[in-house]
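Q: Please read through the structure below; I'll follow up with questions.
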Amino acid sequence: MSAAKSLSLSSSIQICRIMRPDDANIVGNVHGGTILKMIEEAGGIISTRHCNTQSGDRCVAALARVERTDFLHPMFIGEVAHVSAEITYTSKHSVEVQVIVLAENILTGAKKVTNKATLWYVPFSLQNVDKIIEVPVIEYSSVEQEEEGKKRYDAQKMERLETKERNGEIINPVVSPEAYTVGFSQSSLIHLVGPSDCTLHGFVHGGVTMKLMDEVAGIVAARHCKTNIVTASVDAINFHRKIKKGCVVSVSGRMTFTSNKSMEIEVFVDADPLVEAARGKYRAVTAFFTYISLDKEGKPLSVPPLKLENEEEKKRFEEGKVRYLQNKAKRQAEKERQQ
Amino acid sequence: MSAAKSLSLSSSIQICRIMRPDDANIVGNVHGGTILKMIEEAGGIISTRHCNTQSGDRCVAALARVERTDFLHPMFIGEVAHVSAEITYTSKHSVEVQVIVLAENILTGAKKVTNKATLWYVPFSLQNVDKIIEVPVIEYSSVEQEEEGKKRYDAQKMERLETKERNGEIINPVVSPEAYTVGFSQSSLIHLVGPSDCTLHGFVHGGVTMKLMDEVAGIVAARHCKTNIVTASVDAINFHRKIKKGCVVSVSGRMTFTSNKSMEIEVFVDADPLVEAARGKYRAVTAFFTYISLDKEGKPLSVPPLKLENEEEKKRFEEGKVRYLQNKAKRQAEKERQQ
Amino acid sequence: MSAAKSLSLSSSIQICRIMRPDDANIVGNVHGGTILKMIEEAGGIISTRHCNTQSGDRCVAALARVERTDFLHPMFIGEVAHVSAEITYTSKHSVEVQVIVLAENILTGAKKVTNKATLWYVPFSLQNVDKIIEVPVIEYSSVEQEEEGKKRYDAQKMERLETKERNGEIINPVVSPEAYTVGFSQSSLIHLVGPSDCTLHGFVHGGVTMKLMDEVAGIVAARHCKTNIVTASVDAINFHRKIKKGCVVSVSGRMTFTSNKSMEIEVFVDADPLVEAARGKYRAVTAFFTYISLDKEGKPLSVPPLKLENEEEKKRFEEGKVRYLQNKAKRQAEKERQQ
C-alpha cells in the first residue's frame, strides 16, 4: 500500500446525514451555516482523534481558523450531505484538515460537490484547558506534500496576525432607517450557550458559532433584497478567543458591500460570561459572509445597491470591493489553471 | 442622557431568531409555546446578568411567575421574532422583566407586535441552590416609576398566595368518552428532563415547562374542535417548585370553559424525581391557556360548546366564565383608556 | 380492584407527543427511528422508576434488548403518537417492558395501532456504573402470567447468546459500484455523542442509537429503490456494549436481501472513544431493518432485486430469505390464532 493511501486511511473521516426541514429555509435550500457546522464537526472529530493517539494528557481539538470557502451549489431538504475530512498537515501545535462536501440526491443518485474547506485546529488539554498539547506528526506521501503544507501554515499564520484590528467596532441601532441603507438591514441575535453547543471541556464548538453567524448574515441579506437568498462564500474566519458554557453570545451583522449580484455582510460575535461579572463582554470572532439572491429557478437575481450614508460606510464599501475583486481574480486564475 | 435612557441601556436585551418549521403547526402558525420559551430565555438572561453585577455568590435567576399574556397576532414560519426585554422593577429578592415581541416579515418588511409579557425572577446561588441572593437595586427615571413597580410587585405577591389551592386535583382517564365532553379532549404527555432543558444549576428553564404546557393545551383544543387552533392568551402562571434534571415531567390538560369563539384549558405539571424515590411526585405548576380556532383566512371560527357531565365540571365552567368576563372587561377598559 | 389492574397502575406509563416536520421524511411519513426512540424513552422511564422503588444504590435502567417489531401503519406529521408502556416481567437483573404505540389524527379523531414492542432493561448503579442492581419483583395477576414471562425471558436469553458472531464484519467502500448491487446502496454515518444523547450516567440512550440505525437503513433503502420508503420491521436488537459520552458513533448499513416488495438491511454500530486511545473502537450493536417502498397512495411498490456479486453476498441473501420466510410464517400463524 502506498504512503498516500495509508495517510488517507489512518487520518480521514466520512460523515453523512439527511437534510431535514429545520436545516433549510422556506424554499428548501439548506443553510450555509448547517453545512459549516457539519464541516467543523468532521474536522473536530478527526483532529481530536489524531491528537489522542499519543500518551500523555487527553485533549480536545478546538477550531482556530477556517480558510475562505465557496458554496458551489445549493443543497436541498431530503438530500444526503457527505462530508469527507482528511488531515493534510500538522505543525507543532496545530492540525490542518481539508474537507469536501458532496450533496447526493438519493432518489436520482445525482451527486454534486457543494463545498471545499480548510480548517486549522489546536488541541487543548482536558486536565488543564489553557494548556496546548503537542501534535503528533503525520506521514506525508512526499517531501513536496509536506513543503506545500508548511507554506499554507505560514500563510495563514501571517493572515491571522493581520486580522486583529476590527475587533473594537460595534454596531449601533439606527432609528427609522431608510430602505437599502446599512442601518436598514443590520441585525443581531442572542443565544444562551447550552450543553449541546459545547465540547467535552465546555467550550462552544466552532461550528455552532459559524451557524449562528450565518443565521444573522442571512437575515441581513433577506432584509436588504427581500427575496430568497443563499450563502455564496465565507471569508477566512479566525477564532481568537474561546466561548464558555453559560455565556450569552451576541451575533451582529451589517452589510458592507454590494456588487451587481452579491452582498457582503460583516459579522461580529461577542461573548458575555453571565455569571462571571469580573471578566466582562469580549469580541470572540469576526468574519465576512457573501450572499446571492436566487429566483424560483435558482438563477441569480440583481441585488439593490447599498445606499452609503457616511465616510465610514464608504470606506468599508471600498474595502469590500477590493476583497470582491481579489476573489474574482483568484477564481478566474484557478479556472484557467484547471483548463 | 436621561435616567430612563440609562436604565434601558444597562439592563435591556434584544433576542431575535428566524421561525423554523419545527416551531410551528402544519398550517405554519408558530406555537404560542415557542414564543413563551423565547420570552423566558430573554428574561432569564437579563435577570441573571443583573444579579451577577455585584460581588458575592454567583447566581442564576429562576422564573417565579409570568403575568397574564395575550397573543395579539399569529406569527408564521420564515418570520423573524424580535424579543426585547427590560428590567422594570427590583424588590429585595425578585426582578420584574417586561418583554415585547415583534414579528417581522423580512421579505415585505412588515412588523407587528404579537405579545407583551411581564415576568418575575428570583436569583438562586450557584454554590447553594436553596439560597436566594439579594437583588441589586436598579435606578428609576422617576419616583412614580418606582412606586408603580412596587404596586405591581404587591399585587402579584397577593395573587401568588391565593393560587395554591388547585394543587391537589388530578385528571383521571375516561373510557370511551362522548364527543365535546371534558373527557373526550383531555390529554397528557410525559417528558424526560435532559441537560438542554436546564439552567447552569440543573433546574428546568421555566420556558421549557411553558412550551410543554402549550403543547398539551394545543392538543386538547384541536381534539375538541378539530380545526386549526392557536394560543390566544395565557393566564398568570406561578412556578411554585423547581424541577430538577433527571425528573420525568407529566403535563396534563382538560377543557374548563368554552365561549362562542374561545376555549379555556387548565394545565397541570407534575414532576417525578425518577431516581430519588424518597421525594415522590409533586405538583410543580398549574395554569389556564385560552385557544381560538381559525379558518384558512385566519378568521376566528365558532367553537362547539363544551358538554358538561357533572357538578365539578359545571363549577369549573362557571369559574372559567368569570375569568373570561373579567378579561373581556379589562381589555375593553384598556381600549377605552388608549383612545 | 383486581391484581391485573393494580399491576397496570403501579408500573405503567403513557407518553404522547405531536409529530413535527423533523420527525418525518419529505412525504410526511414519520421515521421508524423516531418511533423507536419514543418507545425506548417510555421503557427507560418506567424501568428506572421501578428499580428505584427499593432502598440501596440509586440506578438507571439501560436498554439490553428489543424484540422484533413490526410497523403496522405509517404515522404522519401533525398526528399525536401515544406510547403506552407496562412492566410485564422481572427477573433478578432485568425488566421486561411491553409497549403499544397508537397514532391519533387529532382532527378526525381516528386512531390506529402502529407498533407493539417488547424491551428488556438492566439497571446499573449511579454510584458504580459497572454494578448491576437487583430488580424488585412485580406482582402478577396469575401464576400463568408469571410462567409465560419466564418463558419469554429464557427464550430471549438464549437468542442473545447466539447473536454474538457477526461482530467481526466490516463494510468496505466500493469504487464506482453498479446499480442494484450491495456496494451501490451501502451507506454509513458518524455522530459525535453529546450530552442530550445520554442518560444520567453519561451513556447513550438505546433509543438514540436505534434512531441513527434507522436513519442509515433508510438511506440504504432509498438509494436502492429511489422511491418513498418506510420502515416495515426491525429484527431483535441486542445492546452488547454501552456507548459513552464523548465517543464517535459510526453506523453502517448494507442490503442483505430483497423479496418482491421488501428490502432487508443489516446495520452495524461501532463506538470510538475519541479521547481514550487505549480502549480503541468496538462493535456496540448490530441489527436487521426491513423496509418497503410506497407509492403516492401509500400502496407497496415492487422492489428491484438485489444484484449479488460474490459468495458472501449470496450466503447473506439466503440467510435473509430464511428470516423473511420465518417471519412470514409467524405472522400467518398469529393471524390464524386471532381468527
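Note on naming: chains are A, B, ... as they come in the C-alpha cells, residues start from 1 per chain, ligands start from 1 in the order shown.
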Please identify all polymer residues within 8 Å of region 40-47 of chain B, counting only C-alpha atoms, omitting same-chain residues fewer than 5 positions from it, and present them as an MDAnalysis selection string.
A: (chainID A and resid 192 248 274) or (chainID B and resid 11:15 61:63 83:87 95 97 99 119 121 123 206:207)
Q: Would you mind exporting the chosen residues as a PDB file, in the first residue's frame, restricted to N, CA and C atoms?
A:
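Result file follows (out-v1.pdb):
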```pdb
ATOM      1  N   LEU A 192     -28.110  31.808  24.288  1.00  0.00           N
ATOM      2  CA  LEU A 192     -27.569  31.352  25.572  1.00  0.00           C
ATOM      3  C   LEU A 192     -26.890  30.006  25.334  1.00  0.00           C
ATOM      4  N   VAL A 248     -23.599  34.231  27.252  1.00  0.00           N
ATOM      5  CA  VAL A 248     -24.549  34.671  26.238  1.00  0.00           C
ATOM      6  C   VAL A 248     -23.733  35.144  25.043  1.00  0.00           C
ATOM      7  N   LEU A 274     -22.127  35.482  31.666  1.00  0.00           N
ATOM      8  CA  LEU A 274     -23.221  35.957  32.530  1.00  0.00           C
ATOM      9  C   LEU A 274     -22.887  35.975  34.001  1.00  0.00           C
TER      10      LEU A 274
ATOM     11  N   SER B  11     -29.808  47.590  31.363  1.00  0.00           N
ATOM     12  CA  SER B  11     -30.496  46.382  31.805  1.00  0.00           C
ATOM     13  C   SER B  11     -31.564  45.961  30.804  1.00  0.00           C
ATOM     14  N   SER B  12     -31.208  46.026  29.500  1.00  0.00           N
ATOM     15  CA  SER B  12     -32.166  45.556  28.499  1.00  0.00           C
ATOM     16  C   SER B  12     -31.476  44.582  27.559  1.00  0.00           C
ATOM     17  N   ILE B  13     -32.255  43.840  26.795  1.00  0.00           N
ATOM     18  CA  ILE B  13     -31.690  42.854  25.878  1.00  0.00           C
ATOM     19  C   ILE B  13     -32.620  42.707  24.684  1.00  0.00           C
ATOM     20  N   GLN B  14     -32.056  42.344  23.537  1.00  0.00           N
ATOM     21  CA  GLN B  14     -32.846  42.073  22.331  1.00  0.00           C
ATOM     22  C   GLN B  14     -32.456  40.703  21.820  1.00  0.00           C
ATOM     23  N   ILE B  15     -33.412  39.798  21.666  1.00  0.00           N
ATOM     24  CA  ILE B  15     -33.150  38.483  21.086  1.00  0.00           C
ATOM     25  C   ILE B  15     -33.888  38.421  19.764  1.00  0.00           C
ATOM     26  N   ALA B  61     -30.856  33.353  37.763  1.00  0.00           N
ATOM     27  CA  ALA B  61     -32.220  33.768  38.069  1.00  0.00           C
ATOM     28  C   ALA B  61     -33.199  32.720  37.559  1.00  0.00           C
ATOM     29  N   ALA B  62     -34.130  32.310  38.422  1.00  0.00           N
ATOM     30  CA  ALA B  62     -35.135  31.308  38.044  1.00  0.00           C
ATOM     31  C   ALA B  62     -36.495  31.978  37.934  1.00  0.00           C
ATOM     32  N   LEU B  63     -37.286  31.544  36.950  1.00  0.00           N
ATOM     33  CA  LEU B  63     -38.606  32.131  36.732  1.00  0.00           C
ATOM     34  C   LEU B  63     -39.531  31.791  37.893  1.00  0.00           C
ATOM     35  N   VAL B  83     -37.484  39.736  20.326  1.00  0.00           N
ATOM     36  CA  VAL B  83     -37.910  39.751  21.716  1.00  0.00           C
ATOM     37  C   VAL B  83     -37.064  40.803  22.439  1.00  0.00           C
ATOM     38  N   SER B  84     -37.709  41.877  22.919  1.00  0.00           N
ATOM     39  CA  SER B  84     -36.988  42.921  23.661  1.00  0.00           C
ATOM     40  C   SER B  84     -37.398  42.840  25.118  1.00  0.00           C
ATOM     41  N   ALA B  85     -36.424  42.702  26.002  1.00  0.00           N
ATOM     42  CA  ALA B  85     -36.726  42.567  27.427  1.00  0.00           C
ATOM     43  C   ALA B  85     -35.997  43.652  28.203  1.00  0.00           C
ATOM     44  N   GLU B  86     -36.637  44.135  29.251  1.00  0.00           N
ATOM     45  CA  GLU B  86     -36.070  45.215  30.051  1.00  0.00           C
ATOM     46  C   GLU B  86     -36.426  44.977  31.518  1.00  0.00           C
ATOM     47  N   ILE B  87     -35.477  45.230  32.418  1.00  0.00           N
ATOM     48  CA  ILE B  87     -35.784  45.130  33.852  1.00  0.00           C
ATOM     49  C   ILE B  87     -36.517  46.395  34.257  1.00  0.00           C
ATOM     50  N   VAL B  95     -36.890  40.163  40.547  1.00  0.00           N
ATOM     51  CA  VAL B  95     -36.638  41.064  39.434  1.00  0.00           C
ATOM     52  C   VAL B  95     -37.864  41.017  38.518  1.00  0.00           C
ATOM     53  N   VAL B  97     -39.330  41.754  34.839  1.00  0.00           N
ATOM     54  CA  VAL B  97     -38.866  41.979  33.465  1.00  0.00           C
ATOM     55  C   VAL B  97     -40.081  42.185  32.570  1.00  0.00           C
ATOM     56  N   VAL B  99     -41.414  42.430  28.613  1.00  0.00           N
ATOM     57  CA  VAL B  99     -40.962  41.926  27.319  1.00  0.00           C
ATOM     58  C   VAL B  99     -41.958  42.299  26.232  1.00  0.00           C
ATOM     59  N   LEU B 119     -42.585  39.230  33.541  1.00  0.00           N
ATOM     60  CA  LEU B 119     -42.105  38.036  34.234  1.00  0.00           C
ATOM     61  C   LEU B 119     -41.398  38.430  35.532  1.00  0.00           C
ATOM     62  N   TYR B 121     -38.508  37.055  38.320  1.00  0.00           N
ATOM     63  CA  TYR B 121     -37.411  36.106  38.530  1.00  0.00           C
ATOM     64  C   TYR B 121     -36.864  36.221  39.942  1.00  0.00           C
ATOM     65  N   PRO B 123     -33.240  35.133  42.051  1.00  0.00           N
ATOM     66  CA  PRO B 123     -31.891  34.592  41.841  1.00  0.00           C
ATOM     67  C   PRO B 123     -31.484  33.583  42.922  1.00  0.00           C
ATOM     68  N   GLY B 206     -37.960  27.782  33.034  1.00  0.00           N
ATOM     69  CA  GLY B 206     -39.404  28.000  33.029  1.00  0.00           C
ATOM     70  C   GLY B 206     -39.969  27.960  31.613  1.00  0.00           C
ATOM     71  N   GLY B 207     -39.203  28.422  30.653  1.00  0.00           N
ATOM     72  CA  GLY B 207     -39.668  28.465  29.269  1.00  0.00           C
ATOM     73  C   GLY B 207     -39.887  27.083  28.683  1.00  0.00           C
TER      74      GLY B 207
END
```
Q: Quick check: residues of chain C within 7 Å of chain B, only C-alpha atoms, returned as a list of chain:residue names.
A: C:Ile15, C:Cys16, C:Arg17, C:Arg20, C:Pro21, C:Asp22, C:Thr48, C:Arg49, C:Asn52, C:Thr53, C:Arg58, C:Cys59, C:Gly78, C:Ile106, C:Leu107, C:Thr108, C:Pro195, C:Ser196, C:Leu200
Q: Take the residues just selected and output them with C-alpha atoms as a PDB file, in the first residue's frame.
A:
```pdb
ATOM      1  CA  ILE C  15     -46.190   9.219  26.655  1.00  0.00           C
ATOM      2  CA  CYS C  16     -47.636  11.354  23.884  1.00  0.00           C
ATOM      3  CA  ARG C  17     -46.159  13.910  21.510  1.00  0.00           C
ATOM      4  CA  ARG C  20     -43.144  17.543  13.800  1.00  0.00           C
ATOM      5  CA  PRO C  21     -41.619  18.059  10.330  1.00  0.00           C
ATOM      6  CA  ASP C  22     -38.165  16.971  11.541  1.00  0.00           C
ATOM      7  CA  THR C  48     -35.725   3.249  36.069  1.00  0.00           C
ATOM      8  CA  ARG C  49     -38.673   4.271  38.225  1.00  0.00           C
ATOM      9  CA  ASN C  52     -35.579   2.858  42.342  1.00  0.00           C
ATOM     10  CA  THR C  53     -38.612   1.873  44.447  1.00  0.00           C
ATOM     11  CA  ARG C  58     -29.839   4.739  43.025  1.00  0.00           C
ATOM     12  CA  CYS C  59     -29.772   3.355  39.469  1.00  0.00           C
ATOM     13  CA  GLY C  78     -49.374  16.519  12.814  1.00  0.00           C
ATOM     14  CA  ILE C 106     -56.472  14.857  16.244  1.00  0.00           C
ATOM     15  CA  LEU C 107     -58.562  16.480  13.535  1.00  0.00           C
ATOM     16  CA  THR C 108     -60.622  13.422  12.559  1.00  0.00           C
ATOM     17  CA  PRO C 195     -24.964  15.375  26.453  1.00  0.00           C
ATOM     18  CA  SER C 196     -28.543  15.306  25.115  1.00  0.00           C
ATOM     19  CA  LEU C 200     -27.768  10.392  33.897  1.00  0.00           C
TER      20      LEU C 200
END
```
Q: May I ask for the distance between CA of Phe268 (chain A) and CA of Ser252 (chain A), given in Å to one decimal place?
A: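 CA of Phe268 (chain A) sits 5.3 Å away from CA of Ser252 (chain A).
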Q: DSSP on the backbone, then: every residue of region 106-211 of chain C marked strand (DSSP E or B), written as a list in words.
A: Lys111, Lys112, Val113, Thr114, Asn115, Lys116, Ala117, Thr118, Leu119, Trp120, Tyr121, Val122, Pro123, Phe124, Ser125, Ile132, Thr181, Ser187, Ser188, Leu189, Ile190, His191, Leu192, Cys198, Phe203 and Val204 of chain C
Q: Any idea what the distance is between CA of Lys116 (chain A) and CA of Thr69 (chain A)?
A: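 Answer for the CA of Lys116 (chain A) to CA of Thr69 (chain A) separation: 6.5 Å.
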Q: Name the closest residue to Ala103 (chain B) among the candidates B:Leu126, B:Pro173, B:Ile18, B:Gly183; distances are taken between atoms, counting only C-alpha atoms.
A: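 Among B:Leu126, B:Pro173, B:Ile18, B:Gly183, it is B:Ile18 that comes nearest to Ala103 (chain B).
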Q: Just list the residues in region 171-286 of chain B DSSP gives alpha helix (DSSP H) on the backbone, as JSON, numbers by chain.
A: {"B": [182, 183, 184, 185, 206, 207, 208, 209, 210, 211, 212, 213, 214, 215, 216, 217, 218, 219, 220, 221, 222, 223, 224, 225]}
Q: Looking at A:Val234, A:Ala284, A:Ala117, A:Leu301, which one is nearest to Ser262 (chain A), with distances taken over only C-alpha atoms?
A: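 Closest candidate: A:Leu301.
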Q: Mind checking which residues fall within 12 Å of Leu161 (chain C), counting only C-alpha atoms, ignoring those fewer than 6 positions away in the same chain, and posting them as a list in words?
A: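 Close residues of Leu161 (chain C): Arg65, Asp154, Ala155, Asn238, Phe239 and His240 of chain C.
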Q: Which residues are close to Ser125 (chain A), i.e. within 9 Å by only C-alpha atoms, leaving aside same-chain residues fewer than 2 positions away? Reply as a PyMOL selection string.
A: chain A and resi 57-61+123+127-133+201
Q: Go through C:Lys261, C:Lys92, C:Arg241, C:His82 one by one, measure the shortest atom-to-atom distance of each to Asn115 (chain C) using only C-alpha atoms, and give the residue with the smallest value.
A: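 Of C:Lys261, C:Lys92, C:Arg241, C:His82, the one nearest Asn115 (chain C) is C:His82, counting only C-alpha atoms.
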Q: Show me, as an MDAnalysis selection string, the residues that have an atom within 9 Å of Leu306 (chain A) when counting only C-alpha atoms, minus same-chain residues fewer than 6 positions from it.
A: chainID A and resid 180:182 224 255:259 263 317
Q: Need to verify the contact set: Ser94 (chain B), 7 Å, only C-alpha atoms, exclusion of same-chain residues closer than 3 positions in sequence. Can you return it as a VMD selection string?
A: chain B and resid 90 to 91 120 to 122 135
